[in-house]
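Asks: I have a structure I would like to understand better, so I am pasting it below and will then ask my questions one at a time.
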Amino acid sequence: MVSSIAPVARTSQPAASEVSQQFLTFSLAGELFAIPIEHIREIIEFNGLTEIPLMPSFLRGVINLRGAVVPVIDLAARFGRTATVMTRRTCNVILEVEQAGRMLPLGIIVDAVNEVLTVEDQQIEPCPDFGARIRAEFILGMLRLGERFVIALDIQQVLSVEEIVQLVVDDAQAVAEAEPAALVITDEGF
C-alpha cells in the first residue's frame, strides 16, 4: 500500500483572516499528533527495515525507497517512550526535512495514520508551558478541534539531523567507554 499526500489546490485566495493549514493526524502510543502536510512526501505500509548496529534506540534502521536509502525513526522511542509495536496499521510516513540547504528524506514509524485536517489559524494555540509528555521545542502548537487538542509537531525540531547525529556520536562514545580495557600482551606475558 503506497499513497501520497499532496496539498489541495485552491481556486481562490482566502481573505487574510481566513488562512488555513493542512495537517496529517496520526496515532502514536494512544495519543493523537499532527504534522503539516508540506513536509510529507508519502505514506507507505510498514514492510520491515534493515537494522543498523550501534545506533540509538529511536533510529530503527533504513529502508530502500525506490533505490534511495532512507533512515527510519521510531517516533515513540524518539519521545522517550517504549518502541512501537508493529501491527497491521503501522505505517512509515516519509518526510522531507531541511539540512544545510538540502531536503533529506526521513521516515517515521507511527501506529496509524488517521486523516488530513484543514485547520484555521485561530484554531492553533501556542505550546503550553507544561503538561505535554514531549519536549516543548518539539511542539509547533496545539490544534483546537472542538473540545479536544491535538499536538502539532515541529518536524524540523523533532527530526533535527544535527541533534540526531550528535546523539549517535554520544551513544558510540558511551559504548566505547563501557567496553572493558583491551588486553595487552607483551613479551613479559599479560
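Ligands are numbered from 1 in the order shown, residues from 1 within each chain, and chains are lettered A, B, ... in the order they appear in the C-alpha cells.
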Might you pull out every residue within 8 Å of A:Gln123, with only C-alpha atoms counted and same-chain residues fewer than 5 positions away left off, and present them as a list of chain:residue names?
Replies: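 Near neighbours after the sequence-gap exclusion: A:Leu143, A:Arg144, A:Leu145.
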Asks: Compile the contact shell of A:Val69 as a list in words: residues with an atom at most 12 Å away, counting only C-alpha atoms, same-chain residues fewer than 3 positions apart removed.
Replies: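 Close residues of A:Val69: Leu49, Thr50, Gly61, Val62, Ile63, Asn64, Leu65, Arg66, Val72, Ile94, Leu104, Pro105, Leu106 and Gly107 of chain A.
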Asks: Those residues with N, CA and C atoms, as a CSV table (one decimal), in the first residue's frame please?
Replies:
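Contents of part_11.csv, freshly written:
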```
chain,number,residue,atom,x,y,z
A,49,LEU,N,12.5,-3.3,7.8
A,49,LEU,CA,13.6,-2.4,7.6
A,49,LEU,C,14.9,-3.2,7.9
A,50,THR,N,16.0,-2.5,7.5
A,50,THR,CA,17.3,-3.1,7.8
A,50,THR,C,17.9,-2.4,9.0
A,61,GLY,N,16.4,1.9,11.8
A,61,GLY,CA,17.1,1.3,10.6
A,61,GLY,C,16.9,2.1,9.4
A,62,VAL,N,17.0,1.4,8.2
A,62,VAL,CA,16.8,2.1,7.0
A,62,VAL,C,15.9,1.3,6.1
A,63,ILE,N,15.3,2.0,5.1
A,63,ILE,CA,14.5,1.3,4.1
A,63,ILE,C,15.0,1.7,2.7
A,64,ASN,N,14.7,0.8,1.7
A,64,ASN,CA,15.0,1.1,0.4
A,64,ASN,C,13.8,1.7,-0.3
A,65,LEU,N,13.8,3.0,-0.6
A,65,LEU,CA,12.7,3.6,-1.2
A,65,LEU,C,13.0,4.0,-2.6
A,66,ARG,N,12.6,3.1,-3.5
A,66,ARG,CA,12.9,3.3,-5.0
A,66,ARG,C,14.4,3.6,-5.2
A,72,VAL,N,14.9,5.5,9.1
A,72,VAL,CA,13.6,5.4,9.7
A,72,VAL,C,13.7,5.6,11.2
A,94,ILE,N,7.0,9.1,5.2
A,94,ILE,CA,8.2,9.6,4.6
A,94,ILE,C,8.1,11.1,4.5
A,104,LEU,N,16.3,16.4,2.9
A,104,LEU,CA,16.6,15.0,3.1
A,104,LEU,C,15.4,14.2,3.4
A,105,PRO,N,15.2,13.0,2.8
A,105,PRO,CA,14.1,12.1,3.2
A,105,PRO,C,14.4,11.4,4.5
A,106,LEU,N,13.4,11.4,5.4
A,106,LEU,CA,13.5,10.6,6.6
A,106,LEU,C,12.1,9.9,6.8
A,107,GLY,N,12.1,8.7,7.4
A,107,GLY,CA,10.9,8.1,7.7
A,107,GLY,C,10.6,8.1,9.1
```
Asks: Nearest to A:Ile108 among A:Ala34, A:Asn92, A:Leu159, A:Gln122, with distances taken over only C-alpha atoms: which residue is it?
Replies: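 Looking only at the distances to A:Ile108, the closest residue turns out to be A:Asn92.
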Asks: Rank nothing, just name the residue among A:Val19, A:Ile40, A:Val158, A:Met55 nearest to A:Glu120, using only C-alpha atoms.
Replies: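 Of the candidates, the smallest distance to A:Glu120 is held by A:Val19.
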Asks: Could you please write out, as a PyMOL selection string, every residue of stretch 84-145 of chain A that DSSP assigns to helix (DSSP H, G or I)?
Replies: chain A and resi 121-123+136-138
Asks: Using only N, CA and C atoms, please write the residues we just selected to a file, as an mmCIF file, in the first residue's frame.
Replies:
```cif
data_model
loop_
_atom_site.group_PDB
_atom_site.id
_atom_site.type_symbol
_atom_site.label_atom_id
_atom_site.label_comp_id
_atom_site.auth_asym_id
_atom_site.auth_seq_id
_atom_site.Cartn_x
_atom_site.Cartn_y
_atom_site.Cartn_z
ATOM 1 N N ASP A 121 -6.113 29.299 11.209
ATOM 2 C CA ASP A 121 -5.067 29.812 12.103
ATOM 3 C C ASP A 121 -5.570 30.056 13.523
ATOM 4 N N GLN A 122 -6.813 30.503 13.680
ATOM 5 C CA GLN A 122 -7.325 30.772 15.030
ATOM 6 C C GLN A 122 -7.565 29.492 15.826
ATOM 7 N N GLN A 123 -7.469 28.322 15.186
ATOM 8 C CA GLN A 123 -7.606 27.047 15.886
ATOM 9 C C GLN A 123 -6.263 26.533 16.403
ATOM 10 N N ALA A 136 9.220 20.622 24.808
ATOM 11 C CA ALA A 136 8.470 21.784 24.339
ATOM 12 C C ALA A 136 8.909 22.242 22.950
ATOM 13 N N GLU A 137 10.202 22.150 22.637
ATOM 14 C CA GLU A 137 10.665 22.604 21.323
ATOM 15 C C GLU A 137 10.189 21.696 20.201
ATOM 16 N N PHE A 138 9.668 20.511 20.521
ATOM 17 C CA PHE A 138 9.117 19.607 19.507
ATOM 18 C C PHE A 138 7.700 20.019 19.097
#
```
Asks: Rounded to one decimal, what separation in Å do you get between atom CA of A:Ala83 and atom CA of A:Glu115?
Replies: 23.1 Å
Asks: Mind giving me the straight-line distance from atom CA of A:Val97 to atom CA of A:Ser160 in Å, one decimal?
Replies: 8.0 Å
Asks: Set the distance at 12 Å and use only C-alpha atoms: which residues neighbour A:Leu117 once local chain neighbours fewer than 5 positions away are removed? I'd like the list as a list in words.
Replies: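 So, after excluding close chain neighbours, the residues are Pro7, Val8, Ser20, Gln21, Gln22, Phe23, Leu24, Thr25, Phe26, Phe33, Ala34, Ile35, Pro36, Ile37, Gln123, Leu143, Arg144, Leu145, Val150 and Ala152 of chain A.
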Asks: Please provide the set of residues having any atom within 8 Å of A:Ala76, restricted to only C-alpha atoms, with same-chain residues fewer than 3 positions apart removed, written as a PyMOL selection string.
Replies: chain A and resi 28-29+58+79-84+110
Asks: One decimal, Å: what's the distance from atom CA of A:Arg89 over to atom CA of A:Asp111, could you say?
Replies: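 Distance between the two atoms: 6.4 Å.
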